[in-house]
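Peer 1: My structure is below; once you've seen it, I'll send some questions.
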Amino acid sequence: MDLVCVDDFEVHARNILPKNALDYYKSGAGQETTLDNNRKAFSKLRLRPRCLTNVNSRDLTTTILGRKIAIPVGISPTAMQRMAHADGELANVKAAEKHNTVFILSTIATSSIEEVAAAAPHAIKWFQLYIYNDREVTLGLIKRAEQAGFKALVLTVDTPFFGIRYADMRNKFTLPPHLKLANFQGEKASKINETKDGISGLNNYVNGLFDASLTWKDVEWLMRVTKLPIVLKGILTKEDANMACDLGVAGIIVSNHGARQVDGTPASIEALPEIITEVEKSGKNVEVYLDGGIRDGTDVFKALALGAKMVFMGRPALWGLAHSGQKGVERILDILKMEFDSTMAVCGCSSAADITKDKITHESTYSKL
Ligand SMILES: Cc1cc2nc3c(=O)[nH]c(=O)nc-3n(C[C@H](O)[C@H](O)[C@H](O)COP(=O)(O)O)c2cc1C
């Protein structure tokens with residue numbers, strides 16, 4: 001049977017991936033209520049299509065940090081992609097290159113910064129940074145990303161401590177022995193394989209090596225040590241958006257880390273409006289993006305209508321990878337593009353500028369009827 005939507009690819013991945021990898025990819029934190037809600041919150045938003053607006057030609061492009069991209073859907077950083085397909089991150093970045101959109105490489109990838117750069121020299125690549133207790137290691141990553149032509153640093157700010165994910169604990173998750181954390185050597189590569197009963201290797205890794213003492217001062221430090229634009233990933237409140245604007249970062253990804261850090265946060269799409277309001281109030285030129293729960297083109301449209309400049313997706317790209325590597329991710333991007341285009345047309349929009357707040361409302365608008 002043809003796979004025609006992102007959910008079809010997820011079903012396929014659930015059938016073929018080894019349990020250790022599948023559980024790692026699909027899990028959320030705790031009881032996974034936020035994981036559910038990342039999707040449900042989208043379904044509570046209603047589209048308000050406008051008719052008779054001549055949508056004969058539609059422009060799906062947008063400009064992100066000064067670069068024109070073909071679709072407002074990029075690829076979020078997800079760790080250890082070679083568990084999904086032998087080509088892992090290399091396949092993913094090549095698909096992003098083909099589609100002329102942004103690819104974000106995880107610090108804890110199974111392909112190195114240099115391998116990813118060589119595989120897709122023309123892709124728009126951003127590097128997702130975790131700050132290690134060892135600042136020399138962190139500085140080394142930053143310099144390598146700069147030298148390899150990455151165009152932004154995405155500092156993940158929601159991971160001072162590792163989320164509690166029951167499935168990984170039960171599985172005592174480790175990286176399969178033929179794979180490695182390709183950006184590192186020594187302890188920073190191998191600690192992921194240390195497990196104990198009820199503790200996953202990744203939990204050990206993050207809590208042992210990442211700097212839990214980070215504050216806004218460290219964002220200032222980062223801005224001093226690199227000329228690359230800084231994007232903060234994992235902001236969910238107007239207070240933090242305000243701090244980010246004060247510091248003058250280039251962008252914010254409104255994200256709850258795919259609901260993997262703590263159960264009970266708002267869905268990313270629920271948090272988006274307060275952040276947009278705060279950024280607008282600041283008068284600063286800070287671009288706002290969103291990830292979490294994007295599964296079809298209507299989700300992309302809804303996020304843009306609420307003010308996001310673009311969206312990113314994590315798991316859907318992994319499901320595409322698991323299916324057929326680069327081709328599978330290209331297919332996922334094709335599907336989201338086609339669905340987004342169709343939503344734009346039916347809602348009476350010819351370009352991003354037409355995707356305004358009046359094109360969307362909360363379901364409660366209709367409950368008075
Ligand atoms: C398997 C997996 C690994 C992830 N690894 C990272 C990571 O290394 N760094 C990071 O900042 N976010 C990481 N994330 C979070 C994603 O960047 C993104 O926020 C999330 O996947 C978006 O939700 P979605 O999967 O519903 O699209 C990971 C998510 C998943 C599912």
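Residue numbering restarts at 1 for every chain of the structure tokens, chains are lettered A, B, ... in their displayed order, and ligands are numbered from 1 as they appear.
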For region 250-252 of chain A, work out the shell of residues within 7 Å, counting only C-alpha atoms and skipping chain neighbours fewer than 5 positions away, then give it as a list in words.

Peer 2: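 So the residues in contact are Pro229, Ile230, Val231, Leu232, Lys233, Ile235, Val286, Glu287, Val288 and Tyr289 of chain A.
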
Peer 1: Which residues sit within 7 Å of ligand 1, counting only C-alpha atoms and all ligand atoms, listed as a PyMOL selection string?

Peer 2: chain A and resi 24-26+76-79+106-108+128+156+233+255-258+291-294+312-316

Peer 1: The selected residues should be written to file as a PDB file, in the first residue's frame (atoms: N, CA and C atoms).

Peer 2:
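The result, written out as part12.pdb:
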ATOM      1  N   TYR A  24      12.951   4.820  21.964  1.00  0.00           N
ATOM      2  CA  TYR A  24      13.707   6.067  22.157  1.00  0.00           C
ATOM      3  C   TYR A  24      13.117   7.185  21.290  1.00  0.00           C
ATOM      4  N   TYR A  25      12.827   6.885  20.040  1.00  0.00           N
ATOM      5  CA  TYR A  25      12.320   7.912  19.120  1.00  0.00           C
ATOM      6  C   TYR A  25      10.911   8.380  19.500  1.00  0.00           C
ATOM      7  N   LYS A  26      10.046   7.435  19.869  1.00  0.00           N
ATOM      8  CA  LYS A  26       8.638   7.841  20.004  1.00  0.00           C
ATOM      9  C   LYS A  26       8.269   8.367  21.391  1.00  0.00           C
ATOM     10  N   SER A  76      14.087  19.418  12.716  1.00  0.00           N
ATOM     11  CA  SER A  76      14.569  19.631  14.088  1.00  0.00           C
ATOM     12  C   SER A  76      15.767  18.733  14.364  1.00  0.00           C
ATOM     13  N   PRO A  77      16.599  19.130  15.336  1.00  0.00           N
ATOM     14  CA  PRO A  77      17.695  18.235  15.708  1.00  0.00           C
ATOM     15  C   PRO A  77      17.171  17.025  16.472  1.00  0.00           C
ATOM     16  N   THR A  78      17.460  15.851  15.974  1.00  0.00           N
ATOM     17  CA  THR A  78      17.166  14.651  16.762  1.00  0.00           C
ATOM     18  C   THR A  78      18.444  13.824  16.833  1.00  0.00           C
ATOM     19  N   ALA A  79      18.714  13.313  18.011  1.00  0.00           N
ATOM     20  CA  ALA A  79      19.971  12.610  18.267  1.00  0.00           C
ATOM     21  C   ALA A  79      19.979  11.247  17.564  1.00  0.00           C
ATOM     22  N   SER A 106      22.036  17.661  15.549  1.00  0.00           N
ATOM     23  CA  SER A 106      22.168  17.509  17.004  1.00  0.00           C
ATOM     24  C   SER A 106      23.633  17.388  17.410  1.00  0.00           C
ATOM     25  N   THR A 107      23.958  17.923  18.590  1.00  0.00           N
ATOM     26  CA  THR A 107      25.291  17.692  19.176  1.00  0.00           C
ATOM     27  C   THR A 107      25.564  16.197  19.274  1.00  0.00           C
ATOM     28  N   ILE A 108      24.547  15.449  19.719  1.00  0.00           N
ATOM     29  CA  ILE A 108      24.779  14.022  19.969  1.00  0.00           C
ATOM     30  C   ILE A 108      24.287  13.189  18.776  1.00  0.00           C
ATOM     31  N   GLN A 128      22.879  22.399  16.502  1.00  0.00           N
ATOM     32  CA  GLN A 128      22.244  22.430  17.828  1.00  0.00           C
ATOM     33  C   GLN A 128      23.314  22.167  18.875  1.00  0.00           C
ATOM     34  N   THR A 156      20.044  24.664  22.914  1.00  0.00           N
ATOM     35  CA  THR A 156      18.884  24.040  23.556  1.00  0.00           C
ATOM     36  C   THR A 156      18.900  24.416  25.037  1.00  0.00           C
ATOM     37  N   LYS A 233      16.396  27.317  21.680  1.00  0.00           N
ATOM     38  CA  LYS A 233      15.382  26.284  21.449  1.00  0.00           C
ATOM     39  C   LYS A 233      14.867  25.756  22.778  1.00  0.00           C
ATOM     40  N   SER A 255       9.255  25.404  21.832  1.00  0.00           N
ATOM     41  CA  SER A 255       9.379  23.946  21.769  1.00  0.00           C
ATOM     42  C   SER A 255       9.308  23.370  23.168  1.00  0.00           C
ATOM     43  N   ASN A 256       8.663  22.197  23.304  1.00  0.00           N
ATOM     44  CA  ASN A 256       8.777  21.460  24.566  1.00  0.00           C
ATOM     45  C   ASN A 256       9.604  20.190  24.352  1.00  0.00           C
ATOM     46  N   HIS A 257      10.498  20.257  23.371  1.00  0.00           N
ATOM     47  CA  HIS A 257      11.446  19.165  23.115  1.00  0.00           C
ATOM     48  C   HIS A 257      10.695  17.882  22.716  1.00  0.00           C
ATOM     49  N   GLY A 258       9.635  18.082  21.941  1.00  0.00           N
ATOM     50  CA  GLY A 258       8.835  16.909  21.557  1.00  0.00           C
ATOM     51  C   GLY A 258       8.237  16.223  22.771  1.00  0.00           C
ATOM     52  N   ASP A 291       8.395  24.027  17.062  1.00  0.00           N
ATOM     53  CA  ASP A 291       8.335  22.589  16.760  1.00  0.00           C
ATOM     54  C   ASP A 291       7.544  21.872  17.835  1.00  0.00           C
ATOM     55  N   GLY A 292       7.093  20.639  17.480  1.00  0.00           N
ATOM     56  CA  GLY A 292       6.313  19.838  18.420  1.00  0.00           C
ATOM     57  C   GLY A 292       4.940  19.534  17.860  1.00  0.00           C
ATOM     58  N   GLY A 293       4.784  18.297  17.380  1.00  0.00           N
ATOM     59  CA  GLY A 293       3.460  17.843  16.948  1.00  0.00           C
ATOM     60  C   GLY A 293       3.079  18.175  15.527  1.00  0.00           C
ATOM     61  N   ILE A 294       4.011  18.715  14.752  1.00  0.00           N
ATOM     62  CA  ILE A 294       3.683  19.004  13.340  1.00  0.00           C
ATOM     63  C   ILE A 294       3.586  17.666  12.594  1.00  0.00           C
ATOM     64  N   PHE A 312       9.447  23.372  12.517  1.00  0.00           N
ATOM     65  CA  PHE A 312      10.385  22.261  12.356  1.00  0.00           C
ATOM     66  C   PHE A 312       9.684  20.982  12.790  1.00  0.00           C
ATOM     67  N   MET A 313      10.172  19.863  12.280  1.00  0.00           N
ATOM     68  CA  MET A 313       9.608  18.576  12.732  1.00  0.00           C
ATOM     69  C   MET A 313      10.745  17.606  13.035  1.00  0.00           C
ATOM     70  N   GLY A 314      10.550  16.830  14.124  1.00  0.00           N
ATOM     71  CA  GLY A 314      11.569  15.883  14.557  1.00  0.00           C
ATOM     72  C   GLY A 314      11.246  14.468  14.150  1.00  0.00           C
ATOM     73  N   ARG A 315      10.229  13.886  14.792  1.00  0.00           N
ATOM     74  CA  ARG A 315       9.924  12.464  14.559  1.00  0.00           C
ATOM     75  C   ARG A 315       9.537  12.160  13.110  1.00  0.00           C
ATOM     76  N   PRO A 316       8.732  13.004  12.436  1.00  0.00           N
ATOM     77  CA  PRO A 316       8.367  12.639  11.061  1.00  0.00           C
ATOM     78  C   PRO A 316       9.582  12.361  10.175  1.00  0.00           C
TER      79      PRO A 316
END

Peer 1: May I have the residues within 10 Å of Glu278 (chain A) as number ranges by chain, using only C-alpha atoms and disregarding those fewer than 2 positions away in the same chain?

Peer 2: A: 237-242, 245, 273-276, 280-284

Peer 1: If we count only C-alpha atoms and set the cut-off at 9 Å, which residues sit around Ile360 (chain A), ignoring sequence neighbours fewer than 2 positions away in its own chain? Please answer as JSON, numbers by chain.

Peer 2: {"A": [45, 46, 47, 48, 49, 302, 305, 306, 356, 357, 358, 362]}

Peer 1: For a quick check of understanding, using only C-alpha atoms, which of A:Leu321, A:Ile131, A:Leu214, A:Ala117 has the smallest distance to Ala145 (chain A)?

Peer 2: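 Result for the nearest residue to Ala145 (chain A): A:Ala117.
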
Peer 1: With DSSP run on the backbone, what are the strand (DSSP E) residues within region 191-321 of chain A? I'd like them as a list of chain:residue names.

Peer 2: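 So the strand (DSSP E) residues in region 191-321 of chain A would be A:Ile230, A:Val231, A:Leu232, A:Lys233, A:Gly234, A:Ile235, A:Gly251, A:Ile252, A:Ile253, A:Val254, A:Glu287, A:Val288, A:Tyr289, A:Leu290, A:Asp291, A:Met310, A:Val311, A:Phe312, A:Met313.
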
Peer 1: Based on the selection just made, write N, CA and C atoms of those residues as an mmCIF file, in the first residue's frame.

Peer 2:
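Writing the result to result.cif gives the following:
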data_model
loop_
_atom_site.group_PDB
_atom_site.id
_atom_site.type_symbol
_atom_site.label_atom_id
_atom_site.label_comp_id
_atom_site.auth_asym_id
_atom_site.auth_seq_id
_atom_site.Cartn_x
_atom_site.Cartn_y
_atom_site.Cartn_z
ATOM 1 N N ILE A 230 22.455 33.315 17.124
ATOM 2 C CA ILE A 230 22.053 32.349 18.158
ATOM 3 C C ILE A 230 20.534 32.212 18.153
ATOM 4 N N VAL A 231 20.093 30.969 18.104
ATOM 5 C CA VAL A 231 18.662 30.663 18.201
ATOM 6 C C VAL A 231 18.475 29.864 19.498
ATOM 7 N N LEU A 232 17.532 30.291 20.341
ATOM 8 C CA LEU A 232 17.295 29.554 21.587
ATOM 9 C C LEU A 232 16.142 28.584 21.382
ATOM 10 N N LYS A 233 16.396 27.317 21.680
ATOM 11 C CA LYS A 233 15.382 26.284 21.449
ATOM 12 C C LYS A 233 14.867 25.756 22.778
ATOM 13 N N GLY A 234 13.530 25.826 22.938
ATOM 14 C CA GLY A 234 12.935 25.273 24.147
ATOM 15 C C GLY A 234 12.266 26.325 25.013
ATOM 16 N N ILE A 235 11.993 27.490 24.441
ATOM 17 C CA ILE A 235 11.323 28.570 25.195
ATOM 18 C C ILE A 235 9.809 28.302 25.189
ATOM 19 N N GLY A 251 16.839 34.297 17.093
ATOM 20 C CA GLY A 251 15.589 33.550 16.967
ATOM 21 C C GLY A 251 15.269 32.731 18.207
ATOM 22 N N ILE A 252 14.006 32.298 18.235
ATOM 23 C CA ILE A 252 13.515 31.450 19.330
ATOM 24 C C ILE A 252 12.778 30.283 18.687
ATOM 25 N N ILE A 253 13.050 29.074 19.140
ATOM 26 C CA ILE A 253 12.172 27.964 18.733
ATOM 27 C C ILE A 253 11.274 27.648 19.931
ATOM 28 N N VAL A 254 9.993 27.943 19.768
ATOM 29 C CA VAL A 254 9.023 27.576 20.796
ATOM 30 C C VAL A 254 8.898 26.060 20.726
ATOM 31 N N GLU A 287 13.239 36.312 15.304
ATOM 32 C CA GLU A 287 12.341 35.422 14.558
ATOM 33 C C GLU A 287 11.837 34.310 15.485
ATOM 34 N N VAL A 288 10.562 33.976 15.339
ATOM 35 C CA VAL A 288 9.983 32.945 16.200
ATOM 36 C C VAL A 288 9.569 31.746 15.350
ATOM 37 N N TYR A 289 10.059 30.571 15.730
ATOM 38 C CA TYR A 289 9.722 29.325 15.039
ATOM 39 C C TYR A 289 9.056 28.398 16.060
ATOM 40 N N LEU A 290 8.530 27.279 15.567
ATOM 41 C CA LEU A 290 7.879 26.335 16.481
ATOM 42 C C LEU A 290 8.206 24.911 16.076
ATOM 43 N N ASP A 291 8.395 24.027 17.062
ATOM 44 C CA ASP A 291 8.335 22.589 16.760
ATOM 45 C C ASP A 291 7.544 21.872 17.835
ATOM 46 N N MET A 310 8.416 29.915 10.749
ATOM 47 C CA MET A 310 8.496 28.591 10.131
ATOM 48 C C MET A 310 8.327 27.557 11.235
ATOM 49 N N VAL A 311 8.181 26.299 10.835
ATOM 50 C CA VAL A 311 8.091 25.225 11.820
ATOM 51 C C VAL A 311 9.199 24.206 11.534
ATOM 52 N N PHE A 312 9.447 23.372 12.517
ATOM 53 C CA PHE A 312 10.385 22.261 12.356
ATOM 54 C C PHE A 312 9.684 20.982 12.790
ATOM 55 N N MET A 313 10.172 19.863 12.280
ATOM 56 C CA MET A 313 9.608 18.576 12.732
ATOM 57 C C MET A 313 10.745 17.606 13.035
#

Peer 1: In Å to one decimal, how far is CA of Val300 (chain A) from CA of Thr159 (chain A)?

Peer 2: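 It comes out at 25.4 Å.
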
Peer 1: Between A:Ile75, A:Phe162, A:Gly320, A:Ser190, which is the closest to Val206 (chain A) once you count only C-alpha atoms?

Peer 2: A:Phe162

Peer 1: What does the structure give for the distance between CA of Asn171 (chain A) and CA of Gly208 (chain A), in Å to one decimal?

Peer 2: 19.5 Å

Peer 1: Find the residues near Arg331 (chain A): any atom within 12 Å, counting only C-alpha atoms, skip ones fewer than 5 places away on the same chain, and give them as a list in words.

Peer 2: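 That gives Asp2, Leu3, Val4, Cys5, Val6, Asp8, Phe9, Asn92, Ala95, Ala96, Lys98, His99, Pro316, Ala317, Leu318, Trp319, Gly320, Leu321, Ala322, His323, Ser324, Gly325, Gln326, Leu336, Lys337 and Met338 of chain A.
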
Peer 1: Using only C-alpha atoms for the distances, tell me which of A:Ala267, A:Cys349, A:Cys51, A:Leu222 is nearest to Ala152 (chain A).

Peer 2: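 When distances to Ala152 (chain A) are compared using only C-alpha atoms, the smallest one comes from A:Leu222.
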
Peer 1: Return the single residue from A:Asn20, A:Asn38, A:Thr361, A:Thr33 that is closest to Ser268 (chain A), with distances computed using only C-alpha atoms.

Peer 2: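 For Ser268 (chain A), the nearest of the candidates is A:Asn38.
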
Peer 1: When you look at Arg260 (chain A) with a cut-off of 8 Å (counting only C-alpha atoms), what residues show up, excluding the ones that are within fewer than 2 positions of it in the same chain? I need them as a CSV table (one decimal) with C-alpha atoms, in the first residue's frame.

Peer 2:
chain,number,residue,atom,x,y,z
A,27,SER,CA,8.7,8.4,23.8
A,28,GLY,CA,7.7,11.4,25.7
A,29,ALA,CA,8.4,12.2,29.4
A,35,LEU,CA,3.1,14.2,24.0
A,163,GLY,CA,13.7,14.0,31.0
A,164,ILE,CA,12.3,10.9,32.6
A,165,ARG,CA,11.3,8.5,29.9
A,256,ASN,CA,8.8,21.5,24.6
A,257,HIS,CA,11.4,19.2,23.1
A,258,GLY,CA,8.8,16.9,21.6
A,262,VAL,CA,8.8,17.0,31.5
A,263,ASP,CA,5.2,16.0,31.4

Peer 1: Tell me which protein, DNA and RNA residues are within 7 Å of Ser111 (chain A), counting only C-alpha atoms, leaving out same-chain ones fewer than 4 positions away, and put them as a list in words.

Peer 2: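 Listed by chain and then number, they are Glu89, Glu115, Val116 and Ala182 of chain A.
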
Peer 1: Next, dump the selected residues to file, keeping only N, CA and C atoms, as a PDB file, in the first residue's frame.

Peer 2:
ATOM      1  N   GLU A  89      22.006  10.949   9.715  1.00  0.00           N
ATOM      2  CA  GLU A  89      22.004  12.405   9.531  1.00  0.00           C
ATOM      3  C   GLU A  89      22.374  12.800   8.104  1.00  0.00           C
ATOM      4  N   GLU A 115      31.264  15.409   8.537  1.00  0.00           N
ATOM      5  CA  GLU A 115      30.610  14.476   7.592  1.00  0.00           C
ATOM      6  C   GLU A 115      29.330  15.083   7.036  1.00  0.00           C
ATOM      7  N   VAL A 116      28.568  15.736   7.909  1.00  0.00           N
ATOM      8  CA  VAL A 116      27.293  16.330   7.485  1.00  0.00           C
ATOM      9  C   VAL A 116      27.553  17.473   6.502  1.00  0.00           C
ATOM     10  N   ALA A 182      29.346  10.710  17.064  1.00  0.00           N
ATOM     11  CA  ALA A 182      30.437  10.942  16.116  1.00  0.00           C
ATOM     12  C   ALA A 182      31.193  12.247  16.329  1.00  0.00           C
TER      13      ALA A 182
END
